[in-house]
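Engineer: Pasting a structure here, questions to come.
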Amino acid sequence: MLLLISPDGVEEALDCAKAADHLDIIDVKKPDEGSLGANFPWVIREIRDAVPADKPVSATVGDVPYKPGTVAQAALGAVVSGATYIKVGLYGCTTPGQGVEVMRAVVRAVKDHRPEALVVASGYADAHRIGCVNPLALPDIAARSGADAAMLDTAIKDGSRLFDHVPPDACAEFVRRAHAAGLLAALAGSVKQDDLGPLTRIGTDIVGVRGAVCEGGDRNAGRIRPHLVAAFRAEMRRRAHEHAAGATTVS
């Protein structure tokens, strides 16, 4: 399971760089513009330049409306600025067809510029609160559009968590559908260390966190700290070893 950490700017990205051995992907977002709020192109570039070259940078393009052209241009801006993973929050898409239309435009814009870049179709575990597409539809949307990964996050950051809205068995179905379509499965949404057991068991490929590695567990007022990133990774390793040992015993 890969660990994706989301700093809110260059200073926090430098703190992530200090913990580079403990994380896999550095994610650029702007939390005050939403769950998957887009940061500025120059911030993506600065973060890309500030972190180790072997660490891929991910960038969100926002909690986007159902406007394929607008979103495609935003996605192109992110990949031109140096992002390897391009994440699109399908906030304004109410049907799978709308999601596919937006994501096909994004995939074309991104892959025409950089074929090896990875496009992530992101939905929301709490979709019922904002009226967007059903979370379990995301793997199919990603597959039909030619994206590389399907992701779930939470749209409303009010303390509720991924499993509060999509319990582990439903998340397992999300991961199964993604893998059946040849996609990576990414899960986020106020994920804590206690969630790593089920996330490991269901075969999650990428786990995204912010609050769990911030001072006081506060994604807004707290700041990412290298020692908290290291502690989170240590727990990931412990859970992975525990799961592997259990699988060996069963077999």
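Residues in the structure tokens are named by chain (A, B, ... in the order shown) and by number from 1 within that chain; ligands are numbered from 1 in the order shown.
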Please return, as a list in words, all residues of segment 59-99 of chain A that DSSP assigns to helix (DSSP H, G or I) on the basis of the backbone.
Structural biologist: Pro68, Gly69, Thr70, Val71, Ala72, Gln73, Ala74, Ala75, Leu76, Gly77, Ala78, Val79, Val80, Pro96, Gly97, Gln98 and Gly99 of chain A
Engineer: Convert the current residue selection to file output with N, CA, C and O atoms, as an mmCIF file, in the first residue's frame.
Structural biologist:
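Saved result, result02.cif, follows:
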```cif
data_model
loop_
_atom_site.group_PDB
_atom_site.id
_atom_site.type_symbol
_atom_site.label_atom_id
_atom_site.label_comp_id
_atom_site.auth_asym_id
_atom_site.auth_seq_id
_atom_site.Cartn_x
_atom_site.Cartn_y
_atom_site.Cartn_z
ATOM 1 N N PRO A 68 -16.810 19.541 -18.941
ATOM 2 C CA PRO A 68 -15.650 18.789 -19.425
ATOM 3 C C PRO A 68 -14.516 19.645 -19.979
ATOM 4 O O PRO A 68 -13.341 19.364 -19.724
ATOM 5 N N GLY A 69 -14.838 20.696 -20.729
ATOM 6 C CA GLY A 69 -13.792 21.539 -21.299
ATOM 7 C C GLY A 69 -13.004 22.273 -20.238
ATOM 8 O O GLY A 69 -11.755 22.319 -20.268
ATOM 9 N N THR A 70 -13.706 22.837 -19.283
ATOM 10 C CA THR A 70 -13.051 23.557 -18.186
ATOM 11 C C THR A 70 -12.136 22.629 -17.399
ATOM 12 O O THR A 70 -10.983 22.973 -17.076
ATOM 13 N N VAL A 71 -12.638 21.445 -17.102
ATOM 14 C CA VAL A 71 -11.880 20.505 -16.292
ATOM 15 C C VAL A 71 -10.670 19.975 -17.070
ATOM 16 O O VAL A 71 -9.581 19.807 -16.511
ATOM 17 N N ALA A 72 -10.836 19.737 -18.365
ATOM 18 C CA ALA A 72 -9.713 19.268 -19.183
ATOM 19 C C ALA A 72 -8.576 20.286 -19.187
ATOM 20 O O ALA A 72 -7.399 19.922 -19.093
ATOM 21 N N GLN A 73 -8.921 21.565 -19.289
ATOM 22 C CA GLN A 73 -7.881 22.600 -19.261
ATOM 23 C C GLN A 73 -7.185 22.637 -17.906
ATOM 24 O O GLN A 73 -5.956 22.803 -17.830
ATOM 25 N N ALA A 74 -7.956 22.474 -16.830
ATOM 26 C CA ALA A 74 -7.352 22.466 -15.492
ATOM 27 C C ALA A 74 -6.400 21.282 -15.338
ATOM 28 O O ALA A 74 -5.307 21.409 -14.785
ATOM 29 N N ALA A 75 -6.813 20.134 -15.847
ATOM 30 C CA ALA A 75 -5.972 18.940 -15.750
ATOM 31 C C ALA A 75 -4.686 19.110 -16.543
ATOM 32 O O ALA A 75 -3.606 18.708 -16.099
ATOM 33 N N LEU A 76 -4.795 19.699 -17.725
ATOM 34 C CA LEU A 76 -3.597 19.954 -18.523
ATOM 35 C C LEU A 76 -2.649 20.885 -17.771
ATOM 36 O O LEU A 76 -1.431 20.682 -17.768
ATOM 37 N N GLY A 77 -3.199 21.895 -17.119
ATOM 38 C CA GLY A 77 -2.368 22.802 -16.333
ATOM 39 C C GLY A 77 -1.613 22.085 -15.234
ATOM 40 O O GLY A 77 -0.443 22.378 -14.982
ATOM 41 N N ALA A 78 -2.254 21.091 -14.604
ATOM 42 C CA ALA A 78 -1.599 20.357 -13.526
ATOM 43 C C ALA A 78 -0.454 19.499 -14.049
ATOM 44 O O ALA A 78 0.626 19.460 -13.456
ATOM 45 N N VAL A 79 -0.672 18.815 -15.173
ATOM 46 C CA VAL A 79 0.389 17.945 -15.690
ATOM 47 C C VAL A 79 1.535 18.765 -16.274
ATOM 48 O O VAL A 79 2.711 18.410 -16.121
ATOM 49 N N VAL A 80 1.231 19.885 -16.913
ATOM 50 C CA VAL A 80 2.281 20.774 -17.428
ATOM 51 C C VAL A 80 3.133 21.314 -16.277
ATOM 52 O O VAL A 80 4.340 21.524 -16.426
ATOM 53 N N PRO A 96 -23.330 8.617 -13.803
ATOM 54 C CA PRO A 96 -22.091 8.030 -14.330
ATOM 55 C C PRO A 96 -21.744 8.555 -15.712
ATOM 56 O O PRO A 96 -20.561 8.766 -16.017
ATOM 57 N N GLY A 97 -22.757 8.787 -16.556
ATOM 58 C CA GLY A 97 -22.483 9.301 -17.898
ATOM 59 C C GLY A 97 -21.784 10.646 -17.873
ATOM 60 O O GLY A 97 -20.863 10.894 -18.669
ATOM 61 N N GLN A 98 -22.199 11.531 -16.976
ATOM 62 C CA GLN A 98 -21.530 12.824 -16.848
ATOM 63 C C GLN A 98 -20.100 12.635 -16.363
ATOM 64 O O GLN A 98 -19.168 13.300 -16.852
ATOM 65 N N GLY A 99 -19.902 11.714 -15.434
ATOM 66 C CA GLY A 99 -18.557 11.454 -14.943
ATOM 67 C C GLY A 99 -17.641 10.943 -16.041
ATOM 68 O O GLY A 99 -16.489 11.376 -16.161
#
```
Engineer: Taking the DSSP assignment computed from this structure's backbone, write out as a short mmCIF file (atom, residue, chain, number, x, y, z; two decimals) with all heavy atoms, in the first residue's frame all residues of segment 78-154 of chain A that belong to strand (DSSP E or B).
Structural biologist:
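Below is the file that was written, states31.cif:
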```cif
data_model
loop_
_atom_site.label_atom_id
_atom_site.label_comp_id
_atom_site.auth_asym_id
_atom_site.auth_seq_id
_atom_site.Cartn_x
_atom_site.Cartn_y
_atom_site.Cartn_z
N TYR A 85 0.48 12.35 -11.00
CA TYR A 85 -0.89 11.88 -10.77
C TYR A 85 -1.82 13.08 -10.87
O TYR A 85 -1.58 14.11 -10.20
CB TYR A 85 -1.04 11.27 -9.38
CG TYR A 85 -0.36 9.95 -9.15
CD1 TYR A 85 1.02 9.89 -8.94
CD2 TYR A 85 -1.08 8.76 -9.10
CE1 TYR A 85 1.66 8.68 -8.70
CE2 TYR A 85 -0.44 7.54 -8.86
CZ TYR A 85 0.92 7.52 -8.66
OH TYR A 85 1.56 6.32 -8.42
N ILE A 86 -2.88 12.97 -11.67
CA ILE A 86 -3.85 14.05 -11.82
C ILE A 86 -5.18 13.57 -11.26
O ILE A 86 -5.80 12.65 -11.79
CB ILE A 86 -4.02 14.44 -13.32
CG1 ILE A 86 -2.66 14.67 -13.98
CG2 ILE A 86 -4.92 15.66 -13.43
CD1 ILE A 86 -1.83 15.76 -13.37
N LYS A 87 -5.64 14.20 -10.18
CA LYS A 87 -6.85 13.77 -9.48
C LYS A 87 -8.00 14.73 -9.76
O LYS A 87 -7.85 15.95 -9.61
CB LYS A 87 -6.59 13.72 -7.97
CG LYS A 87 -5.64 12.63 -7.55
CD LYS A 87 -5.11 12.85 -6.14
CE LYS A 87 -6.19 13.10 -5.13
NZ LYS A 87 -5.63 13.43 -3.79
N VAL A 88 -9.14 14.16 -10.13
CA VAL A 88 -10.32 14.95 -10.48
C VAL A 88 -11.47 14.56 -9.57
O VAL A 88 -11.93 13.41 -9.59
CB VAL A 88 -10.71 14.71 -11.95
CG1 VAL A 88 -11.92 15.57 -12.32
CG2 VAL A 88 -9.54 14.99 -12.88
N GLY A 89 -11.96 15.51 -8.77
CA GLY A 89 -13.10 15.25 -7.89
C GLY A 89 -14.40 15.52 -8.62
O GLY A 89 -14.72 16.67 -8.93
N LEU A 118 -0.62 9.55 -14.70
CA LEU A 118 -1.72 8.72 -14.22
C LEU A 118 -2.91 9.60 -13.86
O LEU A 118 -2.78 10.57 -13.11
CB LEU A 118 -1.28 7.92 -12.99
CG LEU A 118 -0.09 6.98 -13.22
CD1 LEU A 118 0.34 6.33 -11.90
CD2 LEU A 118 -0.43 5.92 -14.24
N VAL A 119 -4.06 9.26 -14.40
CA VAL A 119 -5.29 10.02 -14.17
C VAL A 119 -6.16 9.29 -13.16
O VAL A 119 -6.40 8.08 -13.29
CB VAL A 119 -6.05 10.24 -15.48
CG1 VAL A 119 -7.38 10.96 -15.21
CG2 VAL A 119 -5.21 11.02 -16.47
N VAL A 120 -6.62 10.02 -12.16
CA VAL A 120 -7.40 9.44 -11.07
C VAL A 120 -8.80 10.04 -11.05
O VAL A 120 -8.97 11.26 -10.88
CB VAL A 120 -6.71 9.70 -9.71
CG1 VAL A 120 -7.48 9.02 -8.58
CG2 VAL A 120 -5.25 9.26 -9.74
N ALA A 121 -9.81 9.20 -11.23
CA ALA A 121 -11.21 9.64 -11.10
C ALA A 121 -11.60 9.53 -9.63
O ALA A 121 -11.61 8.43 -9.06
CB ALA A 121 -12.11 8.76 -11.96
N SER A 122 -11.89 10.66 -9.02
CA SER A 122 -12.17 10.69 -7.58
C SER A 122 -13.63 10.99 -7.30
O SER A 122 -14.21 11.91 -7.89
CB SER A 122 -11.30 11.76 -6.90
OG SER A 122 -9.92 11.47 -7.07
N GLY A 123 -14.19 10.20 -6.41
CA GLY A 123 -15.56 10.44 -5.96
C GLY A 123 -15.57 10.64 -4.46
O GLY A 123 -14.52 10.77 -3.82
N TYR A 124 -16.76 10.62 -3.88
CA TYR A 124 -16.92 10.99 -2.48
C TYR A 124 -17.73 9.95 -1.73
O TYR A 124 -18.83 9.57 -2.15
CB TYR A 124 -17.61 12.36 -2.39
CG TYR A 124 -16.86 13.43 -3.16
CD1 TYR A 124 -17.17 13.68 -4.49
CD2 TYR A 124 -15.82 14.13 -2.57
CE1 TYR A 124 -16.47 14.65 -5.22
CE2 TYR A 124 -15.12 15.08 -3.29
CZ TYR A 124 -15.44 15.34 -4.61
OH TYR A 124 -14.75 16.28 -5.33
N ALA A 149 -6.90 5.10 -12.25
CA ALA A 149 -7.21 4.80 -10.85
C ALA A 149 -8.57 5.36 -10.49
O ALA A 149 -9.05 6.33 -11.09
CB ALA A 149 -6.14 5.38 -9.92
N ALA A 150 -9.18 4.73 -9.48
CA ALA A 150 -10.42 5.23 -8.90
C ALA A 150 -10.15 5.52 -7.43
O ALA A 150 -9.46 4.75 -6.75
CB ALA A 150 -11.54 4.20 -9.04
N MET A 151 -10.71 6.62 -6.96
CA MET A 151 -10.43 7.05 -5.59
C MET A 151 -11.71 7.50 -4.89
O MET A 151 -12.62 8.03 -5.53
CB MET A 151 -9.43 8.21 -5.60
CG MET A 151 -9.06 8.73 -4.22
SD MET A 151 -7.74 9.99 -4.31
CE MET A 151 -7.40 10.18 -2.56
N LEU A 152 -11.76 7.29 -3.57
CA LEU A 152 -12.82 7.85 -2.74
C LEU A 152 -12.19 8.73 -1.68
O LEU A 152 -11.16 8.39 -1.10
CB LEU A 152 -13.64 6.75 -2.06
CG LEU A 152 -14.59 5.93 -2.91
CD1 LEU A 152 -15.37 4.96 -2.03
CD2 LEU A 152 -15.54 6.83 -3.70
N ASP A 153 -12.83 9.88 -1.43
CA ASP A 153 -12.47 10.78 -0.35
C ASP A 153 -13.78 11.22 0.30
O ASP A 153 -14.84 10.72 -0.07
CB ASP A 153 -11.69 11.99 -0.91
CG ASP A 153 -10.81 12.68 0.14
OD1 ASP A 153 -11.16 12.63 1.33
OD2 ASP A 153 -9.79 13.27 -0.25
#
```
Engineer: Given only C-alpha atoms, how would the per-residue table for segment 77-155 of chain A near segment 179-182 of chain A read, listing every residue at most 8 Å away with its closest atom pair and distance in Å to one decimal, sorted by chain and number, as a tab-separated table?
Structural biologist:
```
residue	atom	partner	partner_atom	distance
A:Pro139	CA	A:Ala181	CA	7.3
A:Asp140	CA	A:Ala181	CA	7.7
A:Ala143	CA	A:Ala181	CA	6.2
```
Engineer: May I have the residues from that selection written out with N, CA, C and O atoms, as a PDB file, in the first residue's frame?
Structural biologist:
```
ATOM      1  N   PRO A 139     -15.273   3.105 -10.029  1.00  0.00           N
ATOM      2  CA  PRO A 139     -14.416   2.217 -10.823  1.00  0.00           C
ATOM      3  C   PRO A 139     -14.878   2.073 -12.272  1.00  0.00           C
ATOM      4  O   PRO A 139     -14.049   2.070 -13.191  1.00  0.00           O
ATOM      5  N   ASP A 140     -16.184   1.970 -12.474  1.00  0.00           N
ATOM      6  CA  ASP A 140     -16.699   1.857 -13.845  1.00  0.00           C
ATOM      7  C   ASP A 140     -16.475   3.140 -14.629  1.00  0.00           C
ATOM      8  O   ASP A 140     -16.095   3.111 -15.809  1.00  0.00           O
ATOM      9  N   ALA A 143     -12.804   3.233 -15.558  1.00  0.00           N
ATOM     10  CA  ALA A 143     -12.477   2.259 -16.600  1.00  0.00           C
ATOM     11  C   ALA A 143     -13.012   2.700 -17.964  1.00  0.00           C
ATOM     12  O   ALA A 143     -12.291   2.632 -18.975  1.00  0.00           O
TER      13      ALA A 143
END
```
Engineer: Can you tell me which residues surround Asn39 of chain A at a distance of at most 8 Å, considering only C-alpha atoms, apart from same-chain residues fewer than 2 positions away, and format the answer as a PyMOL selection string?
Structural biologist: chain A and resi 28-30+37+41+43-44+59-61
Engineer: Name the closest residue to Ser160 of chain A among the candidates A:Ala20, A:Ile5, A:Ala247, A:Val191; distances are taken between atoms, counting only C-alpha atoms.
Structural biologist: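 So, comparing all the options, the nearest one is A:Val191.
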Engineer: Find the spatial neighbours of His243 of chain A, counting only C-alpha atoms, within a cut-off of 9 Å - ignore same-chain residues fewer than 4 positions away - and output them as a list of chain:residue names.
Structural biologist: A:Gly197, A:Thr200, A:Arg201, A:Arg238, A:Arg239, A:Ala247, A:Thr248
Engineer: Would you mind exporting N, CA, C and O atoms of the selected residues as a JSON list (two decimals), in the first residue's frame?
Structural biologist:
```
[["chain", "number", "residue", "atom", "x", "y", "z"],
["A", 197, "GLY", "N", -5.85, -1.34, 9.48],
["A", 197, "GLY", "CA", -6.12, -2.78, 9.46],
["A", 197, "GLY", "C", -7.07, -3.15, 8.34],
["A", 197, "GLY", "O", -6.72, -3.94, 7.45],
["A", 200, "THR", "N", -5.74, -2.39, 4.81],
["A", 200, "THR", "CA", -4.76, -3.38, 4.36],
["A", 200, "THR", "C", -5.44, -4.67, 3.92],
["A", 200, "THR", "O", -5.14, -5.22, 2.86],
["A", 201, "ARG", "N", -6.39, -5.13, 4.71],
["A", 201, "ARG", "CA", -7.06, -6.40, 4.42],
["A", 201, "ARG", "C", -7.81, -6.37, 3.09],
["A", 201, "ARG", "O", -7.87, -7.37, 2.38],
["A", 238, "ARG", "N", 3.48, -2.35, 10.23],
["A", 238, "ARG", "CA", 3.04, -3.31, 11.25],
["A", 238, "ARG", "C", 1.78, -4.03, 10.79],
["A", 238, "ARG", "O", 1.67, -5.26, 10.90],
["A", 239, "ARG", "N", 0.84, -3.26, 10.26],
["A", 239, "ARG", "CA", -0.41, -3.87, 9.79],
["A", 239, "ARG", "C", -0.18, -4.79, 8.61],
["A", 239, "ARG", "O", -0.81, -5.84, 8.48],
["A", 247, "ALA", "N", -2.33, -14.36, 6.70],
["A", 247, "ALA", "CA", -2.57, -15.05, 5.43],
["A", 247, "ALA", "C", -1.74, -16.32, 5.34],
["A", 247, "ALA", "O", -2.21, -17.36, 4.86],
["A", 248, "THR", "N", -0.51, -16.27, 5.84],
["A", 248, "THR", "CA", 0.36, -17.44, 5.83],
["A", 248, "THR", "C", -0.19, -18.54, 6.73],
["A", 248, "THR", "O", -0.19, -19.73, 6.39]]
```
Engineer: For Asp54 of chain A, list every protein, DNA or RNA residue within 12 Å, evaluated using only C-alpha atoms, and leave out those in the same chain fewer than 2 positions away; present the list as a list in words.
Structural biologist: Ala17, Ala20, Asp21, Leu23, Asp24, Ile25, Ile26, Arg48, Asp49, Ala50, Val51, Pro52, Pro56, Val57 and Thr84 of chain A
Engineer: Would you mind reading off the distance between atom CA of Leu162 of chain A and atom CA of Val102 of chain A, one decimal, in Å?
Structural biologist: 24.2 Å
Engineer: Measuring atom to atom with only C-alpha atoms, identify which of A:Arg114, A:Ala170, A:Asp164, A:Met103 is nearest to Asn134 of chain A.
Structural biologist: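 Checking each of A:Arg114, A:Ala170, A:Asp164, A:Met103 against Asn134 of chain A, counting only C-alpha atoms, the winner is A:Ala170.
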Engineer: Extract, using only C-alpha atoms, all DNA, RNA and protein residues at most 10 Å from Glu235 of chain A, discarding same-chain residues fewer than 4 positions from it, and format them as a list in words.
Structural biologist: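 That gives Gln193, Asp194, Leu196, Gly197, Ala230, Ala231, Arg239, Ala240 and His241 of chain A.
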Engineer: With N, CA, C and O atoms retained, could you export that selection as a PDB file, in the first residue's frame?
Structural biologist:
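New file result-v8.pdb:
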```pdb
ATOM      1  N   GLN A 193      -4.811   5.969  11.948  1.00  0.00           N
ATOM      2  CA  GLN A 193      -4.034   4.737  12.070  1.00  0.00           C
ATOM      3  C   GLN A 193      -4.920   3.527  12.337  1.00  0.00           C
ATOM      4  O   GLN A 193      -4.657   2.426  11.849  1.00  0.00           O
ATOM      5  N   ASP A 194      -6.009   3.730  13.088  1.00  0.00           N
ATOM      6  CA  ASP A 194      -6.894   2.618  13.408  1.00  0.00           C
ATOM      7  C   ASP A 194      -7.582   2.036  12.170  1.00  0.00           C
ATOM      8  O   ASP A 194      -8.075   0.905  12.210  1.00  0.00           O
ATOM      9  N   LEU A 196      -6.069   1.417   9.353  1.00  0.00           N
ATOM     10  CA  LEU A 196      -5.108   0.750   8.489  1.00  0.00           C
ATOM     11  C   LEU A 196      -5.310  -0.762   8.427  1.00  0.00           C
ATOM     12  O   LEU A 196      -4.972  -1.387   7.422  1.00  0.00           O
ATOM     13  N   GLY A 197      -5.852  -1.342   9.485  1.00  0.00           N
ATOM     14  CA  GLY A 197      -6.121  -2.776   9.463  1.00  0.00           C
ATOM     15  C   GLY A 197      -7.072  -3.151   8.341  1.00  0.00           C
ATOM     16  O   GLY A 197      -6.723  -3.940   7.447  1.00  0.00           O
ATOM     17  N   ALA A 230       6.426   9.486   9.817  1.00  0.00           N
ATOM     18  CA  ALA A 230       7.195   8.270  10.107  1.00  0.00           C
ATOM     19  C   ALA A 230       6.383   7.303  10.974  1.00  0.00           C
ATOM     20  O   ALA A 230       6.407   6.082  10.750  1.00  0.00           O
ATOM     21  N   ALA A 231       5.657   7.833  11.941  1.00  0.00           N
ATOM     22  CA  ALA A 231       4.846   6.984  12.812  1.00  0.00           C
ATOM     23  C   ALA A 231       3.709   6.322  12.043  1.00  0.00           C
ATOM     24  O   ALA A 231       3.385   5.143  12.261  1.00  0.00           O
ATOM     25  N   ARG A 239       0.840  -3.264  10.261  1.00  0.00           N
ATOM     26  CA  ARG A 239      -0.414  -3.867   9.789  1.00  0.00           C
ATOM     27  C   ARG A 239      -0.176  -4.792   8.605  1.00  0.00           C
ATOM     28  O   ARG A 239      -0.813  -5.843   8.484  1.00  0.00           O
ATOM     29  N   ALA A 240       0.736  -4.409   7.723  1.00  0.00           N
ATOM     30  CA  ALA A 240       1.043  -5.249   6.556  1.00  0.00           C
ATOM     31  C   ALA A 240       1.661  -6.570   6.993  1.00  0.00           C
ATOM     32  O   ALA A 240       1.300  -7.643   6.492  1.00  0.00           O
ATOM     33  N   HIS A 241       2.584  -6.511   7.952  1.00  0.00           N
ATOM     34  CA  HIS A 241       3.219  -7.735   8.455  1.00  0.00           C
ATOM     35  C   HIS A 241       2.196  -8.616   9.161  1.00  0.00           C
ATOM     36  O   HIS A 241       2.197  -9.845   9.004  1.00  0.00           O
TER      37      HIS A 241
END
```
Engineer: What is the distance between atom CA of Glu173 of chain A and atom CA of Leu199 of chain A, in Å to one decimal?
Structural biologist: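 About the pair atom CA of Glu173 of chain A and atom CA of Leu199 of chain A: they are 12.0 Å apart.
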Engineer: Of the candidates A:His227, A:Ala172, A:Ala53, A:Phe232, which shows the shortest atom-to-atom distance to Lys192 of chain A, using only C-alpha atoms?
Structural biologist: A:Phe232
